[in-house]
Amino acid sequence: MELLLQLTVNGIALGAAYALIALGFALVWSVTGVFHLAHGGVYVVSGYVIYLVAVQLRLPLAVAVVAAVAVAAALGWGIERAIYEPLRRRGAKSLTLIVSSLATLIFLINLAALIWGTEARRFEDFAVIRGRPIGPAFISGVEIAMIASGIVLFALTVAFLLYTRTGRAMRAVADNPAMAAIVGVNIRAIHSITYAMGAALAVPAAFLIGLQHGLNPYAGMFAILIASAAAIVGGVGSVAGAALGAVLLALAQNIGIWQLPSYWQESIAFGVLLAFIVLRPQGFFGAQAPGKGL
Amino acid sequence: MFTSTRRTVVAALAAAGVAIGTASAQAQTVYKFGAMLPLTGNAALSGELERQAIDLAVEDFHASGALPGARFQPVYEDMAANPRVAVPAIQKLVNVDNVPFSLIGYSSVTLAAAPIAERAKVLLLNSGASSARLAKASPYVFNSIPLADLQAKVILWHAVNVLKMKRIAFYYRNDDLGNDLIEYGEPYAKKIGATVVRMESFTPNAPDHKAQLAKLRAERPEAVFVVAAGNETGNIVKQAREIDFRTQWISYAGYENINTLTIGGAAAEGGLYTVASLIGPDGKLFPAAEAFYQKFEQRYGKPREKVDYVAPQFYEGARLYMEAVRILVREGKPVSGENLRQAFLKIDGFESLFGKTKFRPNGTVLKPIALKTVRDNKFQIVKVYSVEEVSAMPD
């Protein structure tokens, strides 16, 4: 039981971090209908911006996080304005948008590799929270931060969508963009805000996962794989489902090897994804297609 | 007589011409050789040290004047510690650069490159990989580094017989190196009286080890034999510390990676591992090793504590190649892969960084093995097992 508890703790913590990446991805997918693979590139760049400011420039961590949020938001906004919007104006199909997003992801990953190199970079120890035992298991400070930031940012995102004017407009656009436009919602502005907000949500995940595993430009590929899988498991169009899907995938990754050899770890996680696609294609809470509600 | 004299003169002139031609050719002879290094990816920091070590070896050889007129020119190819990248790299060296010889490292990479090199009769000198399978990889693969079965034997023997640790676990990368080491290490540990409490593996370059470490922790092993490469060891010991998993890490030469210190930090302290020893029976560095470290620091500003175990291996590898070329030039033979194989077997009395180096017919070497640890964030020697002591340990 000690092992099962430890694997559960590890899974929940990692799932909370994955949830932050998936949250931003699902938000963009729901509101704009774009399968935003470039989100993985934004995730990578965010981590390196924190590294640049906090480690290379030796400025306070808070400054680094604020800088990373600003850069990520600007990048998300910029991708929409410079790439997706012009393509949409020219009547590009969704497949064209996916290909352009994939190209942007690869570009950002290679840009990070060009600037910071491909060797792993390590954050200094920013441990402000000490790890502690939970019965026979142990939770590290980084894992506590992952769970705490996952819960807080998920709650803030949901509250934003439910109770703010902009959040309600985002839901309206997700539900029916044509109707939203008729009632005066500025679709262009809402899209831009959504990309910026989704990108900003990746920053804490990039930092916390970076603290645990180090920074590597190619981590963006795995991050977007997990985020998109979580969004599918959670249900197309559901932000809450994406967060839950991320936790489920991480738990499957960890608990799945309780009684099995560990080389099955990734197979188990993506087996869960396959099972959902085949048996419950709408996921946990999903509408049938993007743009049908959050 | 006249005819005879004329013939003599013509012969003398021809001989002089040949001699002048040879001298002239010698003055311009460029010996290219390959160096397949991890210049990108997780092991790029080591790759950079290796590149610098090879450059230094070439500079030192030229400065020594051991082969006047010869210019050695390394051709660097990035193999990213990845066999898929290595295959086009070796093909380029063989087909485009036409090198007769290449330095190489990483077990999977060397095993992937070996058949291509063998077909082209290009000799590979492994100076950074440890898989026991390399001993039988190809007649065109020589190993200037003691292979992992030897390193594993010494560290396991030390853990069980000196440290009296009986509960051993294994954590290894799921590739040729890891699988070969486990194939050898698990029965060996049992043979010398240990209990193998758990064996777990991980995908090469995987960043997250927490689940496997939790499984290892549950068995409360006294020692964990970790087989990792590049920055993996640092990540593993760091993540183990994060879940409060405290054990004696034991390993092979892969532990001595600069990332083990930078990423692992305090969690890497106390880990024990084995490497080919640069320390002589008098407890001091062999003179050539001392000279290497001094020149390396002078040339690149990197103190010896920050230089991992592979850089001197590649320096030695490049010097061995140049020594083999010198033997062939002396014998008047062309520098081909086949002739280099024969020349390597003739190397004797070479001023090695590791004492005397002599190749065995199967392309492996036997050298003293150092037991090392991390203390005060530095790689430090604990003990040196001589060739005789290593030979006395049960196989």
# chains A, B, ... in the order shown; residues from 1 in each chain; ligands from 1
$ interface_residues --of "chain B" --to "chain A" --cutoff "9 Å" --atoms "only C-alpha atoms" --output "number ranges by chain"
B: 40-45, 174, 199-203, 207-208, 210-212, 214-215, 217-218, 231, 235, 238-239, 241-245, 259, 262-263
$ write_last_selection --atoms "N, CA and C atoms" --output "tab-separated table (two decimals), in the first residue's frame"
chain	number	residue	atom	x	y	z
B	40	THR	N	25.05	17.68	-29.90
B	40	THR	CA	23.77	18.25	-29.49
B	40	THR	C	23.07	17.21	-28.61
B	41	GLY	N	22.00	17.65	-27.97
B	41	GLY	CA	21.23	16.72	-27.13
B	41	GLY	C	21.70	16.72	-25.70
B	42	ASN	N	21.19	15.74	-24.95
B	42	ASN	CA	21.44	15.72	-23.51
B	42	ASN	C	22.91	15.58	-23.14
B	43	ALA	N	23.69	14.97	-24.02
B	43	ALA	CA	25.09	14.73	-23.69
B	43	ALA	C	26.01	15.77	-24.34
B	44	ALA	N	25.43	16.90	-24.79
B	44	ALA	CA	26.22	17.87	-25.54
B	44	ALA	C	27.36	18.47	-24.72
B	45	LEU	N	27.16	18.60	-23.41
B	45	LEU	CA	28.23	19.16	-22.57
B	45	LEU	C	29.45	18.25	-22.59
B	174	ASN	N	16.81	1.50	-20.75
B	174	ASN	CA	16.40	0.37	-21.58
B	174	ASN	C	17.03	0.50	-22.97
B	199	MET	N	14.38	-4.87	-10.08
B	199	MET	CA	15.02	-4.33	-11.28
B	199	MET	C	14.01	-3.49	-12.01
B	200	GLU	N	14.35	-2.25	-12.26
B	200	GLU	CA	13.45	-1.34	-12.98
B	200	GLU	C	14.22	-0.69	-14.12
B	201	SER	N	13.52	-0.37	-15.19
B	201	SER	CA	14.20	0.27	-16.32
B	201	SER	C	13.50	1.57	-16.67
B	202	PHE	N	14.12	2.36	-17.52
B	202	PHE	CA	13.51	3.60	-18.00
B	202	PHE	C	13.88	3.80	-19.47
B	203	THR	N	13.03	4.55	-20.17
B	203	THR	CA	13.30	4.87	-21.57
B	203	THR	C	14.45	5.88	-21.64
B	207	PRO	N	12.52	12.10	-18.79
B	207	PRO	CA	12.81	13.08	-17.73
B	207	PRO	C	12.25	12.69	-16.37
B	208	ASP	N	11.20	11.86	-16.34
B	208	ASP	CA	10.50	11.59	-15.08
B	208	ASP	C	10.79	10.18	-14.59
B	210	LYS	N	10.05	9.30	-11.20
B	210	LYS	CA	9.46	9.18	-9.86
B	210	LYS	C	8.74	7.85	-9.64
B	211	ALA	N	8.00	7.38	-10.64
B	211	ALA	CA	7.23	6.16	-10.44
B	211	ALA	C	8.17	4.97	-10.20
B	212	GLN	N	9.21	4.87	-11.03
B	212	GLN	CA	10.15	3.76	-10.87
B	212	GLN	C	10.89	3.87	-9.53
B	214	ALA	N	9.79	5.21	-6.84
B	214	ALA	CA	8.87	4.82	-5.76
B	214	ALA	C	8.85	3.31	-5.61
B	215	LYS	N	8.90	2.60	-6.74
B	215	LYS	CA	8.90	1.14	-6.67
B	215	LYS	C	10.21	0.62	-6.06
B	217	ARG	N	12.12	2.31	-3.99
B	217	ARG	CA	12.14	2.73	-2.58
B	217	ARG	C	11.36	1.74	-1.71
B	218	ALA	N	10.25	1.23	-2.25
B	218	ALA	CA	9.40	0.32	-1.47
B	218	ALA	C	10.16	-0.95	-1.08
B	231	ASN	N	22.57	13.41	-18.81
B	231	ASN	CA	22.07	14.08	-17.60
B	231	ASN	C	21.12	13.19	-16.79
B	235	ASN	N	19.31	13.64	-12.83
B	235	ASN	CA	17.86	13.67	-12.66
B	235	ASN	C	17.39	12.57	-11.72
B	238	LYS	N	18.39	13.26	-8.04
B	238	LYS	CA	17.64	14.43	-7.56
B	238	LYS	C	16.18	14.04	-7.26
B	239	GLN	N	15.58	13.33	-8.20
B	239	GLN	CA	14.17	12.96	-8.00
B	239	GLN	C	14.03	11.95	-6.86
B	241	ARG	N	15.84	11.97	-4.15
B	241	ARG	CA	15.90	12.79	-2.94
B	241	ARG	C	14.56	13.49	-2.71
B	242	GLU	N	13.90	13.88	-3.80
B	242	GLU	CA	12.61	14.59	-3.66
B	242	GLU	C	11.53	13.70	-3.04
B	243	ILE	N	11.65	12.39	-3.22
B	243	ILE	CA	10.67	11.52	-2.55
B	243	ILE	C	11.30	10.85	-1.32
B	244	ASP	N	12.37	11.47	-0.83
B	244	ASP	CA	13.03	11.02	0.39
B	244	ASP	C	13.52	9.57	0.28
B	245	PHE	N	14.00	9.23	-0.89
B	245	PHE	CA	14.56	7.89	-1.10
B	245	PHE	C	16.07	8.00	-0.94
B	259	ASN	N	26.76	16.80	-15.44
B	259	ASN	CA	25.35	17.01	-15.10
B	259	ASN	C	24.96	16.31	-13.80
B	262	THR	N	25.72	19.12	-11.48
B	262	THR	CA	24.91	20.33	-11.62
B	262	THR	C	23.43	20.05	-11.37
B	263	ILE	N	22.93	18.92	-11.84
B	263	ILE	CA	21.51	18.61	-11.64
B	263	ILE	C	21.30	17.89	-10.31
$ residues_around --residues "Val55 of chain A" --least-positions-apart "4" --cutoff "12 Å" --atoms "only C-alpha atoms" --output "ChimeraX atom specification"
/A:47-51,59-61,63-65,121-126
$ write_last_selection --atoms "N, CA and C atoms" --output "PDB file, in the first residue's frame"
ATOM      1  N   GLY A  47       9.374  28.426 -20.147  1.00  0.00           N
ATOM      2  CA  GLY A  47      10.354  27.886 -19.213  1.00  0.00           C
ATOM      3  C   GLY A  47      11.708  28.553 -19.388  1.00  0.00           C
ATOM      4  N   TYR A  48      12.107  28.743 -20.633  1.00  0.00           N
ATOM      5  CA  TYR A  48      13.425  29.346 -20.885  1.00  0.00           C
ATOM      6  C   TYR A  48      13.453  30.827 -20.517  1.00  0.00           C
ATOM      7  N   VAL A  49      12.323  31.506 -20.607  1.00  0.00           N
ATOM      8  CA  VAL A  49      12.311  32.924 -20.204  1.00  0.00           C
ATOM      9  C   VAL A  49      12.554  33.017 -18.693  1.00  0.00           C
ATOM     10  N   ILE A  50      11.918  32.112 -17.938  1.00  0.00           N
ATOM     11  CA  ILE A  50      12.167  32.111 -16.483  1.00  0.00           C
ATOM     12  C   ILE A  50      13.646  31.812 -16.222  1.00  0.00           C
ATOM     13  N   TYR A  51      14.181  30.863 -16.971  1.00  0.00           N
ATOM     14  CA  TYR A  51      15.602  30.511 -16.817  1.00  0.00           C
ATOM     15  C   TYR A  51      16.489  31.730 -17.127  1.00  0.00           C
ATOM     16  N   LEU A  59      17.851  37.809 -11.646  1.00  0.00           N
ATOM     17  CA  LEU A  59      16.825  38.687 -11.091  1.00  0.00           C
ATOM     18  C   LEU A  59      15.892  37.845 -10.223  1.00  0.00           C
ATOM     19  N   PRO A  60      15.092  38.495  -9.367  1.00  0.00           N
ATOM     20  CA  PRO A  60      14.212  37.713  -8.488  1.00  0.00           C
ATOM     21  C   PRO A  60      13.255  36.815  -9.277  1.00  0.00           C
ATOM     22  N   LEU A  61      12.884  35.705  -8.653  1.00  0.00           N
ATOM     23  CA  LEU A  61      12.018  34.730  -9.315  1.00  0.00           C
ATOM     24  C   LEU A  61      10.676  35.354  -9.714  1.00  0.00           C
ATOM     25  N   VAL A  63      10.052  38.346 -10.641  1.00  0.00           N
ATOM     26  CA  VAL A  63      10.251  39.117 -11.879  1.00  0.00           C
ATOM     27  C   VAL A  63      10.286  38.169 -13.071  1.00  0.00           C
ATOM     28  N   ALA A  64      10.967  37.033 -12.876  1.00  0.00           N
ATOM     29  CA  ALA A  64      11.082  36.051 -13.961  1.00  0.00           C
ATOM     30  C   ALA A  64       9.712  35.502 -14.348  1.00  0.00           C
ATOM     31  N   VAL A  65       8.894  35.202 -13.341  1.00  0.00           N
ATOM     32  CA  VAL A  65       7.565  34.640 -13.625  1.00  0.00           C
ATOM     33  C   VAL A  65       6.703  35.677 -14.351  1.00  0.00           C
ATOM     34  N   ARG A 121      19.004  22.217 -19.197  1.00  0.00           N
ATOM     35  CA  ARG A 121      19.321  23.333 -18.297  1.00  0.00           C
ATOM     36  C   ARG A 121      18.612  23.094 -16.983  1.00  0.00           C
ATOM     37  N   ARG A 122      19.266  23.500 -15.939  1.00  0.00           N
ATOM     38  CA  ARG A 122      18.693  23.235 -14.618  1.00  0.00           C
ATOM     39  C   ARG A 122      18.405  24.561 -13.933  1.00  0.00           C
ATOM     40  N   PHE A 123      17.226  24.641 -13.318  1.00  0.00           N
ATOM     41  CA  PHE A 123      16.933  25.802 -12.482  1.00  0.00           C
ATOM     42  C   PHE A 123      17.730  25.690 -11.188  1.00  0.00           C
ATOM     43  N   GLU A 124      18.050  26.819 -10.617  1.00  0.00           N
ATOM     44  CA  GLU A 124      18.597  26.811  -9.260  1.00  0.00           C
ATOM     45  C   GLU A 124      17.498  26.263  -8.357  1.00  0.00           C
ATOM     46  N   ASP A 125      17.879  25.919  -7.146  1.00  0.00           N
ATOM     47  CA  ASP A 125      16.836  25.480  -6.212  1.00  0.00           C
ATOM     48  C   ASP A 125      16.044  26.686  -5.726  1.00  0.00           C
ATOM     49  N   PHE A 126      14.788  26.732  -6.127  1.00  0.00           N
ATOM     50  CA  PHE A 126      13.926  27.811  -5.656  1.00  0.00           C
ATOM     51  C   PHE A 126      12.974  27.259  -4.589  1.00  0.00           C
TER      52      PHE A 126
END
$ select_by_dssp --residues "segment 164-323 of chain B" --states "strand (DSSP E)" --output "VMD selection string"
chain B and resid 167 to 173 195 to 202 223 to 227 248 to 251 272 to 276
$ residues_around --residues "Ala174 of chain A" --least-positions-apart "3" --cutoff "12 Å" --atoms "only C-alpha atoms" --output "ChimeraX atom specification"
/A:26-34,161,167-171,177-181,185,187,190-191,194,236-239,287,289-294
$ select_by_dssp --residues "segment 34-92 of chain B" --states "alpha helix (DSSP H)" --output "PDB file with N, CA and C atoms, in the first residue's frame"
ATOM      1  N   ALA B  44      25.431  16.896 -24.788  1.00  0.00           N
ATOM      2  CA  ALA B  44      26.220  17.874 -25.542  1.00  0.00           C
ATOM      3  C   ALA B  44      27.361  18.473 -24.721  1.00  0.00           C
ATOM      4  N   LEU B  45      27.160  18.602 -23.405  1.00  0.00           N
ATOM      5  CA  LEU B  45      28.232  19.160 -22.571  1.00  0.00           C
ATOM      6  C   LEU B  45      29.446  18.246 -22.593  1.00  0.00           C
ATOM      7  N   SER B  46      29.196  16.935 -22.500  1.00  0.00           N
ATOM      8  CA  SER B  46      30.303  15.972 -22.590  1.00  0.00           C
ATOM      9  C   SER B  46      30.922  16.017 -23.979  1.00  0.00           C
ATOM     10  N   GLY B  47      30.066  16.121 -25.003  1.00  0.00           N
ATOM     11  CA  GLY B  47      30.554  16.154 -26.379  1.00  0.00           C
ATOM     12  C   GLY B  47      31.510  17.306 -26.608  1.00  0.00           C
ATOM     13  N   GLU B  48      31.207  18.437 -26.006  1.00  0.00           N
ATOM     14  CA  GLU B  48      32.076  19.606 -26.169  1.00  0.00           C
ATOM     15  C   GLU B  48      33.442  19.354 -25.515  1.00  0.00           C
ATOM     16  N   LEU B  49      33.427  18.745 -24.337  1.00  0.00           N
ATOM     17  CA  LEU B  49      34.695  18.410 -23.668  1.00  0.00           C
ATOM     18  C   LEU B  49      35.501  17.427 -24.518  1.00  0.00           C
ATOM     19  N   GLU B  50      34.802  16.470 -25.127  1.00  0.00           N
ATOM     20  CA  GLU B  50      35.478  15.467 -25.956  1.00  0.00           C
ATOM     21  C   GLU B  50      36.116  16.126 -27.177  1.00  0.00           C
ATOM     22  N   ARG B  51      35.369  17.056 -27.787  1.00  0.00           N
ATOM     23  CA  ARG B  51      35.904  17.755 -28.961  1.00  0.00           C
ATOM     24  C   ARG B  51      37.171  18.530 -28.579  1.00  0.00           C
ATOM     25  N   GLN B  52      37.111  19.210 -27.440  1.00  0.00           N
ATOM     26  CA  GLN B  52      38.272  19.977 -26.988  1.00  0.00           C
ATOM     27  C   GLN B  52      39.456  19.048 -26.709  1.00  0.00           C
ATOM     28  N   ALA B  53      39.149  17.871 -26.115  1.00  0.00           N
ATOM     29  CA  ALA B  53      40.229  16.921 -25.803  1.00  0.00           C
ATOM     30  C   ALA B  53      40.898  16.419 -27.085  1.00  0.00           C
ATOM     31  N   ILE B  54      40.108  16.162 -28.117  1.00  0.00           N
ATOM     32  CA  ILE B  54      40.677  15.670 -29.387  1.00  0.00           C
ATOM     33  C   ILE B  54      41.526  16.767 -30.035  1.00  0.00           C
ATOM     34  N   ASP B  55      41.001  17.990 -30.037  1.00  0.00           N
ATOM     35  CA  ASP B  55      41.782  19.107 -30.592  1.00  0.00           C
ATOM     36  C   ASP B  55      43.125  19.228 -29.870  1.00  0.00           C
ATOM     37  N   LEU B  56      43.073  19.074 -28.550  1.00  0.00           N
ATOM     38  CA  LEU B  56      44.297  19.184 -27.750  1.00  0.00           C
ATOM     39  C   LEU B  56      45.267  18.049 -28.105  1.00  0.00           C
ATOM     40  N   ALA B  57      44.727  16.846 -28.291  1.00  0.00           N
ATOM     41  CA  ALA B  57      45.575  15.695 -28.646  1.00  0.00           C
ATOM     42  C   ALA B  57      46.296  15.955 -29.968  1.00  0.00           C
ATOM     43  N   VAL B  58      45.570  16.514 -30.930  1.00  0.00           N
ATOM     44  CA  VAL B  58      46.170  16.800 -32.244  1.00  0.00           C
ATOM     45  C   VAL B  58      47.261  17.859 -32.101  1.00  0.00           C
ATOM     46  N   GLU B  59      46.942  18.916 -31.357  1.00  0.00           N
ATOM     47  CA  GLU B  59      47.940  19.978 -31.149  1.00  0.00           C
ATOM     48  C   GLU B  59      49.193  19.414 -30.473  1.00  0.00           C
ATOM     49  N   ASP B  60      48.985  18.589 -29.444  1.00  0.00           N
ATOM     50  CA  ASP B  60      50.126  18.025 -28.709  1.00  0.00           C
ATOM     51  C   ASP B  60      50.981  17.139 -29.610  1.00  0.00           C
ATOM     52  N   PHE B  61      50.299  16.329 -30.450  1.00  0.00           N
ATOM     53  CA  PHE B  61      51.055  15.429 -31.318  1.00  0.00           C
ATOM     54  C   PHE B  61      51.858  16.231 -32.341  1.00  0.00           C
ATOM     55  N   HIS B  62      51.228  17.240 -32.924  1.00  0.00           N
ATOM     56  CA  HIS B  62      51.955  18.080 -33.890  1.00  0.00           C
ATOM     57  C   HIS B  62      53.159  18.741 -33.218  1.00  0.00           C
ATOM     58  N   ALA B  63      52.931  19.238 -32.002  1.00  0.00           N
ATOM     59  CA  ALA B  63      54.020  19.941 -31.298  1.00  0.00           C
ATOM     60  C   ALA B  63      55.151  18.987 -30.932  1.00  0.00           C
ATOM     61  N   SER B  64      54.829  17.704 -30.735  1.00  0.00           N
ATOM     62  CA  SER B  64      55.862  16.740 -30.320  1.00  0.00           C
ATOM     63  C   SER B  64      56.837  16.426 -31.457  1.00  0.00           C
ATOM     64  N   PRO B  83      21.489   6.427 -31.931  1.00  0.00           N
ATOM     65  CA  PRO B  83      21.887   5.589 -33.072  1.00  0.00           C
ATOM     66  C   PRO B  83      21.252   6.026 -34.393  1.00  0.00           C
ATOM     67  N   ARG B  84      20.038   6.602 -34.330  1.00  0.00           N
ATOM     68  CA  ARG B  84      19.385   7.019 -35.580  1.00  0.00           C
ATOM     69  C   ARG B  84      20.134   8.180 -36.227  1.00  0.00           C
ATOM     70  N   VAL B  85      20.720   9.030 -35.386  1.00  0.00           N
ATOM     71  CA  VAL B  85      21.517  10.141 -35.910  1.00  0.00           C
ATOM     72  C   VAL B  85      22.893   9.633 -36.337  1.00  0.00           C
ATOM     73  N   ALA B  86      23.353   8.583 -35.631  1.00  0.00           N
ATOM     74  CA  ALA B  86      24.711   8.089 -35.877  1.00  0.00           C
ATOM     75  C   ALA B  86      24.856   7.428 -37.242  1.00  0.00           C
ATOM     76  N   VAL B  87      23.802   6.773 -37.713  1.00  0.00           N
ATOM     77  CA  VAL B  87      23.929   6.032 -38.976  1.00  0.00           C
ATOM     78  C   VAL B  87      24.271   6.965 -40.153  1.00  0.00           C
ATOM     79  N   PRO B  88      23.503   8.053 -40.383  1.00  0.00           N
ATOM     80  CA  PRO B  88      23.934   8.954 -41.466  1.00  0.00           C
ATOM     81  C   PRO B  88      25.289   9.601 -41.198  1.00  0.00           C
ATOM     82  N   ALA B  89      25.630   9.787 -39.924  1.00  0.00           N
ATOM     83  CA  ALA B  89      26.930  10.407 -39.601  1.00  0.00           C
ATOM     84  C   ALA B  89      28.080   9.497 -40.029  1.00  0.00           C
ATOM     85  N   ILE B  90      27.983   8.200 -39.712  1.00  0.00           N
ATOM     86  CA  ILE B  90      29.072   7.287 -40.095  1.00  0.00           C
ATOM     87  C   ILE B  90      29.092   7.106 -41.615  1.00  0.00           C
ATOM     88  N   GLN B  91      27.899   7.123 -42.232  1.00  0.00           N
ATOM     89  CA  GLN B  91      27.864   6.994 -43.694  1.00  0.00           C
ATOM     90  C   GLN B  91      28.569   8.164 -44.359  1.00  0.00           C
ATOM     91  N   LYS B  92      28.386   9.350 -43.793  1.00  0.00           N
ATOM     92  CA  LYS B  92      29.066  10.522 -44.365  1.00  0.00           C
ATOM     93  C   LYS B  92      30.585  10.388 -44.191  1.00  0.00           C
TER      94      LYS B  92
END
$ residues_around --residues "Thr104 of chain A" --least-positions-apart "3" --cutoff "12 Å" --atoms "only C-alpha atoms" --output "JSON, numbers by chain"
{"A": [36, 37, 38, 39, 40, 41, 42, 75, 76, 78, 79, 80, 82, 83, 84, 97, 98, 99, 100, 101, 107, 108, 109, 110, 111, 220, 221]}
$ write_last_selection --atoms "C-alpha atoms" --output "mmCIF file, in the first residue's frame"
data_model
loop_
_atom_site.group_PDB
_atom_site.id
_atom_site.type_symbol
_atom_site.label_atom_id
_atom_site.label_comp_id
_atom_site.auth_asym_id
_atom_site.auth_seq_id
_atom_site.Cartn_x
_atom_site.Cartn_y
_atom_site.Cartn_z
ATOM 1 C CA HIS A 36 -3.284 24.740 -31.196
ATOM 2 C CA LEU A 37 -0.197 22.493 -31.294
ATOM 3 C CA ALA A 38 2.026 25.572 -31.060
ATOM 4 C CA HIS A 39 0.949 25.721 -27.401
ATOM 5 C CA GLY A 40 3.797 23.247 -26.775
ATOM 6 C CA GLY A 41 6.218 25.796 -28.195
ATOM 7 C CA VAL A 42 4.827 28.531 -25.959
ATOM 8 C CA LEU A 75 3.508 34.954 -28.036
ATOM 9 C CA GLY A 76 0.031 33.427 -27.856
ATOM 10 C CA GLY A 78 1.138 37.020 -31.770
ATOM 11 C CA ILE A 79 0.605 33.497 -33.114
ATOM 12 C CA GLU A 80 -3.099 34.220 -33.481
ATOM 13 C CA ALA A 82 0.372 36.699 -37.350
ATOM 14 C CA ILE A 83 -0.502 33.137 -38.361
ATOM 15 C CA TYR A 84 -4.012 31.880 -37.671
ATOM 16 C CA LEU A 97 -4.378 25.605 -39.431
ATOM 17 C CA ILE A 98 -3.151 22.386 -37.760
ATOM 18 C CA VAL A 99 -0.199 22.153 -40.148
ATOM 19 C CA SER A 100 0.684 25.809 -39.592
ATOM 20 C CA SER A 101 0.423 25.223 -35.840
ATOM 21 C CA PHE A 107 9.974 26.606 -35.126
ATOM 22 C CA LEU A 108 9.653 27.636 -31.460
ATOM 23 C CA ILE A 109 11.321 24.449 -30.201
ATOM 24 C CA ASN A 110 14.253 24.937 -32.563
ATOM 25 C CA LEU A 111 14.451 28.625 -31.734
ATOM 26 C CA GLY A 220 7.444 20.811 -25.872
ATOM 27 C CA MET A 221 6.538 17.826 -28.040
#
$ closest_residue --among "A:Leu208, A:Leu57, A:Ala230, A:Ile193" --to "Ile147 of chain A" --atoms "only C-alpha atoms"
A:Leu208
$ residues_around --residues "Tyr172 of chain B" --least-positions-apart "6" --cutoff "6 Å" --atoms "only C-alpha atoms" --output "ChimeraX atom specification"
/B:178,201,226-227
$ write_last_selection --atoms "C-alpha atoms" --output "mmCIF file, in the first residue's frame"
data_model
loop_
_atom_site.group_PDB
_atom_site.id
_atom_site.type_symbol
_atom_site.label_atom_id
_atom_site.label_comp_id
_atom_site.auth_asym_id
_atom_site.auth_seq_id
_atom_site.Cartn_x
_atom_site.Cartn_y
_atom_site.Cartn_z
ATOM 1 C CA GLY B 178 21.621 -0.955 -19.781
ATOM 2 C CA SER B 201 14.197 0.268 -16.321
ATOM 3 C CA VAL B 226 22.109 2.841 -11.658
ATOM 4 C CA VAL B 227 22.946 2.582 -15.347
#
